[in-house]
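Heads up, the thing below is written out as structure tokens.
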Amino acid sequence: MSGSLVRPIDEVRFAATRLAEAGIDSPRRDAEWLMAHVLGVDVGRLVMVDAIDEPRRRAFRDAVEQRAQRIPLQHIIGSAAFGPLDLAVGPGVFVPRPETEYLLEWAVGHLRAMPGPHVVADLCSGSGALAIAIATMAPETRVVAVEADGAALQWLRRNVADARCAPGSRVEVADADVTDAVQMAELVESSSVSLVVANPPYVPLDAEVGPEVAHDPARAVYGGADGMSVIVPMVPVIAEMLEPGGSVGIEHDDTTAAPVTECLRANGGFEDVTPRPDLAGRPRFVTARRTRR
């Protein structure tokens, strides 16, 4: 092997140590993703690469230093994995988190248990993670992806356009404020939606967050002093658009399961209001069913 070539495994080992020192929770995994990005290969194929040249080594170390500065991994590689998807992300849009896949799994399971075509609304869609994943995994659905932020809308439209033909054609992007009842009533007909999913801004303003969160748009992260500033006005909008017997799932902060549950119950239009934990037992999202009017 030429002296100008180095083994990827040695560089990954170096990077994992550097990232661990920087406080990264998953240093080895992130190092492997960065190496795969620089080499243009899948992570699983790294073991098949014997050596890298000096320009790629420098590019890899530059990427590692960016990650050590707590720039999100997804911003560096330009994409985020979510369910069956690989979404384009970057500055201006919230990076979808793995924990939102719990809401995705619930939604898809719910849709598969009900025969026939369905209309789904994804509120505060951001990158389109939930909307496009649901359209991909539940083919008999049409999804309305609602987003109000201009920068996020650009990423949402890009991801819908880049989706495979069938899923992308069944996702409609809408520029609207989910807390504006009048605007939403003009967009979505009353009692016309089978399922609503929402991953709204929900972090309380005084909550401690990781350094990477600073790279997400604050509008997509924070839900006012109590984390409920979007959820509270959104609930009556959801009640109006859901068909009788239709369901909703709302992701929330670890500390706000009780307020979200109470908000849905107090509306009077929902039943079977159920807090849902993730596999670690942390409160993750709340589901409810629209009463049959």
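Residue numbering restarts at 1 in every chain; chains get A, B, ... in the order shown in the structure tokens, and ligands count up from 1 in that same order.
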I'd like the contact shell of Gln154 (chain A) - 12 Å cut-off, only C-alpha atoms, skipping same-chain residues fewer than 2 positions apart - returned as an mmCIF file with N, CA and C atoms, in the first residue's frame.
data_model
loop_
_atom_site.group_PDB
_atom_site.id
_atom_site.type_symbol
_atom_site.label_atom_id
_atom_site.label_comp_id
_atom_site.auth_asym_id
_atom_site.auth_seq_id
_atom_site.Cartn_x
_atom_site.Cartn_y
_atom_site.Cartn_z
ATOM 1 N N ALA A 88 -33.451 14.982 2.622
ATOM 2 C CA ALA A 88 -32.527 16.107 2.544
ATOM 3 C C ALA A 88 -32.839 17.087 3.664
ATOM 4 N N VAL A 89 -31.823 17.485 4.407
ATOM 5 C CA VAL A 89 -31.977 18.445 5.501
ATOM 6 C C VAL A 89 -30.775 19.370 5.520
ATOM 7 N N GLY A 90 -30.946 20.478 6.230
ATOM 8 C CA GLY A 90 -29.860 21.437 6.379
ATOM 9 C C GLY A 90 -30.354 22.631 7.153
ATOM 10 N N PRO A 91 -29.587 23.713 7.194
ATOM 11 C CA PRO A 91 -30.014 24.903 7.922
ATOM 12 C C PRO A 91 -31.391 25.373 7.458
ATOM 13 N N GLY A 92 -32.257 25.679 8.441
ATOM 14 C CA GLY A 92 -33.585 26.170 8.116
ATOM 15 C C GLY A 92 -34.698 25.175 8.321
ATOM 16 N N VAL A 93 -34.342 23.912 8.599
ATOM 17 C CA VAL A 93 -35.389 22.909 8.825
ATOM 18 C C VAL A 93 -34.999 22.031 10.005
ATOM 19 N N SER A 125 -45.187 19.988 9.353
ATOM 20 C CA SER A 125 -44.536 18.894 8.623
ATOM 21 C C SER A 125 -43.023 19.016 8.553
ATOM 22 N N GLY A 126 -42.483 20.249 8.556
ATOM 23 C CA GLY A 126 -41.028 20.409 8.520
ATOM 24 C C GLY A 126 -40.421 19.829 7.259
ATOM 25 N N SER A 127 -39.519 18.886 7.407
ATOM 26 C CA SER A 127 -38.854 18.249 6.268
ATOM 27 C C SER A 127 -39.769 17.309 5.496
ATOM 28 N N GLY A 128 -40.950 17.017 6.055
ATOM 29 C CA GLY A 128 -41.857 16.064 5.418
ATOM 30 C C GLY A 128 -41.654 14.635 5.860
ATOM 31 N N GLU A 147 -47.176 23.200 6.571
ATOM 32 C CA GLU A 147 -46.018 23.868 7.157
ATOM 33 C C GLU A 147 -46.146 25.371 6.899
ATOM 34 N N ALA A 148 -45.763 26.193 7.871
ATOM 35 C CA ALA A 148 -45.898 27.641 7.738
ATOM 36 C C ALA A 148 -44.572 28.362 7.520
ATOM 37 N N ASP A 149 -43.457 27.739 7.898
ATOM 38 C CA ASP A 149 -42.169 28.412 7.815
ATOM 39 C C ASP A 149 -41.611 28.341 6.392
ATOM 40 N N GLY A 150 -41.194 29.495 5.862
ATOM 41 C CA GLY A 150 -40.741 29.545 4.480
ATOM 42 C C GLY A 150 -39.522 28.687 4.197
ATOM 43 N N ALA A 151 -38.539 28.718 5.091
ATOM 44 C CA ALA A 151 -37.330 27.920 4.876
ATOM 45 C C ALA A 151 -37.643 26.433 4.938
ATOM 46 N N ALA A 152 -38.446 26.028 5.916
ATOM 47 C CA ALA A 152 -38.817 24.612 6.025
ATOM 48 C C ALA A 152 -39.605 24.157 4.804
ATOM 49 N N LEU A 156 -39.250 20.840 2.521
ATOM 50 C CA LEU A 156 -40.405 19.954 2.384
ATOM 51 C C LEU A 156 -40.716 19.699 0.913
ATOM 52 N N ARG A 157 -40.783 20.763 0.132
ATOM 53 C CA ARG A 157 -41.080 20.600 -1.304
ATOM 54 C C ARG A 157 -39.988 19.807 -2.008
ATOM 55 N N ARG A 158 -38.750 20.035 -1.620
ATOM 56 C CA ARG A 158 -37.649 19.280 -2.234
ATOM 57 C C ARG A 158 -37.778 17.798 -1.936
ATOM 58 N N ASN A 159 -38.065 17.464 -0.670
ATOM 59 C CA ASN A 159 -38.162 16.046 -0.307
ATOM 60 C C ASN A 159 -39.365 15.370 -0.960
ATOM 61 N N VAL A 160 -40.475 16.097 -1.067
ATOM 62 C CA VAL A 160 -41.638 15.522 -1.758
ATOM 63 C C VAL A 160 -41.296 15.285 -3.227
ATOM 64 N N ALA A 161 -40.619 16.244 -3.852
ATOM 65 C CA ALA A 161 -40.252 16.092 -5.260
ATOM 66 C C ALA A 161 -39.268 14.948 -5.467
ATOM 67 N N VAL A 173 -48.391 19.539 -0.490
ATOM 68 C CA VAL A 173 -47.752 20.495 0.417
ATOM 69 C C VAL A 173 -48.627 21.737 0.538
ATOM 70 N N ALA A 174 -48.888 22.157 1.780
ATOM 71 C CA ALA A 174 -49.724 23.325 2.032
ATOM 72 C C ALA A 174 -48.998 24.311 2.928
ATOM 73 N N ASP A 175 -48.978 25.565 2.516
ATOM 74 C CA ASP A 175 -48.383 26.645 3.297
ATOM 75 C C ASP A 175 -49.474 27.241 4.173
#
Query - Members of region 43-135 of chain A assigned strand (DSSP E or B) by DSSP, as a VMD selection string - result: chain A and resid 52 79 to 82 85 to 88 118 to 123
Neighbours of Glu243 (chain A) within 9 Å (only C-alpha atoms; same-chain residues fewer than 2 positions away dropped), as an mmCIF file with N, CA and C atoms, in the first residue's frame?
data_model
loop_
_atom_site.group_PDB
_atom_site.id
_atom_site.type_symbol
_atom_site.label_atom_id
_atom_site.label_comp_id
_atom_site.auth_asym_id
_atom_site.auth_seq_id
_atom_site.Cartn_x
_atom_site.Cartn_y
_atom_site.Cartn_z
ATOM 1 N N SER A 190 -64.072 20.203 6.608
ATOM 2 C CA SER A 190 -64.493 19.652 7.894
ATOM 3 C C SER A 190 -64.821 18.171 7.776
ATOM 4 N N SER A 191 -64.371 17.400 8.768
ATOM 5 C CA SER A 191 -64.669 15.961 8.873
ATOM 6 C C SER A 191 -64.194 15.169 7.661
ATOM 7 N N SER A 192 -63.082 15.589 7.062
ATOM 8 C CA SER A 192 -62.610 14.939 5.832
ATOM 9 C C SER A 192 -61.342 14.124 6.002
ATOM 10 N N VAL A 193 -60.771 14.138 7.205
ATOM 11 C CA VAL A 193 -59.463 13.508 7.427
ATOM 12 C C VAL A 193 -59.615 12.295 8.331
ATOM 13 N N SER A 194 -58.982 11.183 7.949
ATOM 14 C CA SER A 194 -59.045 9.956 8.748
ATOM 15 C C SER A 194 -58.051 9.952 9.895
ATOM 16 N N LEU A 195 -56.901 10.596 9.682
ATOM 17 C CA LEU A 195 -55.820 10.532 10.668
ATOM 18 C C LEU A 195 -55.022 11.826 10.628
ATOM 19 N N ALA A 239 -59.788 18.730 15.764
ATOM 20 C CA ALA A 239 -61.144 18.222 15.994
ATOM 21 C C ALA A 239 -62.055 18.526 14.814
ATOM 22 N N GLU A 240 -61.878 19.694 14.222
ATOM 23 C CA GLU A 240 -62.734 20.099 13.110
ATOM 24 C C GLU A 240 -62.448 19.289 11.845
ATOM 25 N N MET A 241 -61.196 18.999 11.576
ATOM 26 C CA MET A 241 -60.863 18.318 10.322
ATOM 27 C C MET A 241 -61.074 16.803 10.380
ATOM 28 N N GLY A 245 -64.743 9.230 14.453
ATOM 29 C CA GLY A 245 -63.965 8.004 14.598
ATOM 30 C C GLY A 245 -62.533 8.125 14.132
ATOM 31 N N GLY A 246 -62.178 9.267 13.513
ATOM 32 C CA GLY A 246 -60.801 9.483 13.089
ATOM 33 C C GLY A 246 -59.872 9.668 14.269
ATOM 34 N N SER A 247 -58.581 9.487 14.056
ATOM 35 C CA SER A 247 -57.615 9.500 15.163
ATOM 36 C C SER A 247 -56.525 10.532 14.967
ATOM 37 N N ARG A 290 -61.583 10.835 17.518
ATOM 38 C CA ARG A 290 -62.670 11.816 17.401
ATOM 39 C C ARG A 290 -63.987 11.148 17.743
ATOM 40 N N THR A 291 -64.763 11.801 18.610
ATOM 41 C CA THR A 291 -66.048 11.228 18.973
ATOM 42 C C THR A 291 -66.954 11.136 17.749
ATOM 43 N N ARG A 292 -67.825 10.159 17.749
ATOM 44 C CA ARG A 292 -68.753 9.974 16.637
ATOM 45 C C ARG A 292 -69.945 10.889 16.852
#
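Closest approach to Ile9 (chain A) among A:Gly227, A:Gly116, A:Met48, A:Arg58: A:Met48, based on only C-alpha atoms.
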Requested in this report: Tell me, as a PyMOL selection string, which residues lie within 8 Å of Leu87 (chain A), counting only C-alpha atoms; anything in the same chain fewer than 4 positions away does not count.
Outcome: chain A and resi 79-82+127+129+159
Just the selected residues (all heavy atoms), exported as a CSV table (one decimal), in the first residue's frame, please.
chain,number,residue,atom,x,y,z
A,79,SER,N,-28.2,14.9,4.9
A,79,SER,CA,-29.4,14.0,4.9
A,79,SER,C,-29.7,13.4,6.2
A,79,SER,O,-28.8,13.4,7.1
A,79,SER,CB,-29.3,12.9,3.8
A,79,SER,OG,-28.2,12.0,4.2
A,80,ALA,N,-30.9,13.0,6.4
A,80,ALA,CA,-31.3,12.3,7.7
A,80,ALA,C,-32.1,11.1,7.4
A,80,ALA,O,-33.0,11.1,6.6
A,80,ALA,CB,-32.1,13.3,8.6
A,81,ALA,N,-31.8,10.0,8.1
A,81,ALA,CA,-32.5,8.8,7.9
A,81,ALA,C,-33.8,8.9,8.8
A,81,ALA,O,-33.7,9.3,9.9
A,81,ALA,CB,-31.7,7.6,8.3
A,82,PHE,N,-34.9,8.4,8.2
A,82,PHE,CA,-36.2,8.4,9.0
A,82,PHE,C,-37.0,7.3,8.4
A,82,PHE,O,-37.5,7.4,7.3
A,82,PHE,CB,-36.9,9.8,8.9
A,82,PHE,CG,-38.1,9.8,9.7
A,82,PHE,CD1,-38.1,10.1,11.1
A,82,PHE,CD2,-39.4,9.6,9.2
A,82,PHE,CE1,-39.2,10.1,11.9
A,82,PHE,CE2,-40.5,9.6,10.0
A,82,PHE,CZ,-40.5,9.9,11.3
A,127,SER,N,-39.5,18.9,7.4
A,127,SER,CA,-38.9,18.2,6.3
A,127,SER,C,-39.8,17.3,5.5
A,127,SER,O,-39.4,16.8,4.4
A,127,SER,CB,-37.6,17.5,6.8
A,127,SER,OG,-38.1,16.4,7.6
A,129,ALA,N,-40.9,14.4,6.9
A,129,ALA,CA,-40.6,13.1,7.4
A,129,ALA,C,-41.8,12.2,7.6
A,129,ALA,O,-41.9,11.1,7.0
A,129,ALA,CB,-39.7,13.1,8.7
A,159,ASN,N,-38.1,17.5,-0.7
A,159,ASN,CA,-38.2,16.0,-0.3
A,159,ASN,C,-39.4,15.4,-1.0
A,159,ASN,O,-39.3,14.2,-1.3
A,159,ASN,CB,-38.2,15.9,1.2
A,159,ASN,CG,-36.8,16.1,1.9
A,159,ASN,OD1,-35.9,15.6,1.3
A,159,ASN,ND2,-36.8,16.8,3.0
Report task. DSSP on the backbone, then: every residue of region 39-69 of chain A marked helix (DSSP H, G or I), written as JSON, numbers by chain. Result -> {"A": [39, 43, 44, 45, 46, 47, 48, 54, 55, 56, 57, 58, 59, 60, 61, 62, 63, 64, 65, 66, 67, 68]}
Query - Gly223 (chain A) environment, 9 Å, only C-alpha atoms, sequence neighbours closer than 6 positions dropped, as a PyMOL selection string - result: chain A and resi 200-205+229-231
Per residue of region 118-173 of chain A within 12 Å of region 249-271 of chain A, which atom pair is closest and at what distance in Å (one decimal), using only C-alpha atoms, listed by chain and increasing number, as CSV?
residue,atom,partner,partner_atom,distance
A:Val120,CA,A:Gly249,CA,11.3
A:Ala121,CA,A:Gly249,CA,10.7
A:Asp122,CA,A:Gly249,CA,9.9
A:Leu123,CA,A:Ile250,CA,9.4
A:Cys124,CA,A:Ile250,CA,10.7
A:Leu130,CA,A:Gly249,CA,11.4
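Taking CA of Met234 (chain A) as the reference point, CA of Thr179 (chain A) is found at 4.9 Å.
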Requested in this report: May I have the residues within 9 Å of Thr136 (chain A) as a PyMOL selection string, using only C-alpha atoms and disregarding those fewer than 4 positions away in the same chain?
Outcome: chain A and resi 84-85+131-132+141+163-164+166-168
9 Å contact set for Arg57 (chain A), only C-alpha atoms, chain neighbours under 4 positions out, as a PDB file with N, CA and C atoms, in the first residue's frame:
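What follows is the written file selection-v4.pdb:
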ATOM      1  N   LEU A   5      -1.653   6.525   1.173  1.00  0.00           N
ATOM      2  CA  LEU A   5      -2.953   5.940   1.459  1.00  0.00           C
ATOM      3  C   LEU A   5      -3.002   5.497   2.919  1.00  0.00           C
ATOM      4  N   VAL A   6      -4.170   5.633   3.526  1.00  0.00           N
ATOM      5  CA  VAL A   6      -4.360   5.213   4.912  1.00  0.00           C
ATOM      6  C   VAL A   6      -5.587   4.322   4.990  1.00  0.00           C
ATOM      7  N   PRO A   8      -9.167   3.238   6.252  1.00  0.00           N
ATOM      8  CA  PRO A   8     -10.345   3.897   6.828  1.00  0.00           C
ATOM      9  C   PRO A   8     -10.569   3.539   8.292  1.00  0.00           C
ATOM     10  N   GLU A  11      -8.620   5.784  10.536  1.00  0.00           N
ATOM     11  CA  GLU A  11      -9.187   7.132  10.595  1.00  0.00           C
ATOM     12  C   GLU A  11     -10.474   7.159  11.412  1.00  0.00           C
ATOM     13  N   MET A  35     -17.300   8.965   7.472  1.00  0.00           N
ATOM     14  CA  MET A  35     -16.406   8.295   6.530  1.00  0.00           C
ATOM     15  C   MET A  35     -17.184   7.800   5.306  1.00  0.00           C
ATOM     16  N   VAL A  38     -17.892  10.752   3.016  1.00  0.00           N
ATOM     17  CA  VAL A  38     -16.721  11.213   2.264  1.00  0.00           C
ATOM     18  C   VAL A  38     -16.382  10.250   1.131  1.00  0.00           C
ATOM     19  N   ILE A  52      -7.841   4.909   1.770  1.00  0.00           N
ATOM     20  CA  ILE A  52      -8.313   6.179   1.217  1.00  0.00           C
ATOM     21  C   ILE A  52      -7.106   7.068   0.944  1.00  0.00           C
ATOM     22  N   ASP A  53      -7.254   7.965  -0.033  1.00  0.00           N
ATOM     23  CA  ASP A  53      -6.137   8.841  -0.373  1.00  0.00           C
ATOM     24  C   ASP A  53      -6.135  10.080   0.524  1.00  0.00           C
ATOM     25  N   ARG A  61     -11.346  14.482   7.953  1.00  0.00           N
ATOM     26  CA  ARG A  61     -10.959  15.165   9.200  1.00  0.00           C
ATOM     27  C   ARG A  61     -11.646  16.528   9.330  1.00  0.00           C
ATOM     28  N   ASP A  62     -11.865  17.210   8.208  1.00  0.00           N
ATOM     29  CA  ASP A  62     -12.618  18.462   8.253  1.00  0.00           C
ATOM     30  C   ASP A  62     -14.047  18.202   8.735  1.00  0.00           C
TER      31      ASP A  62
END
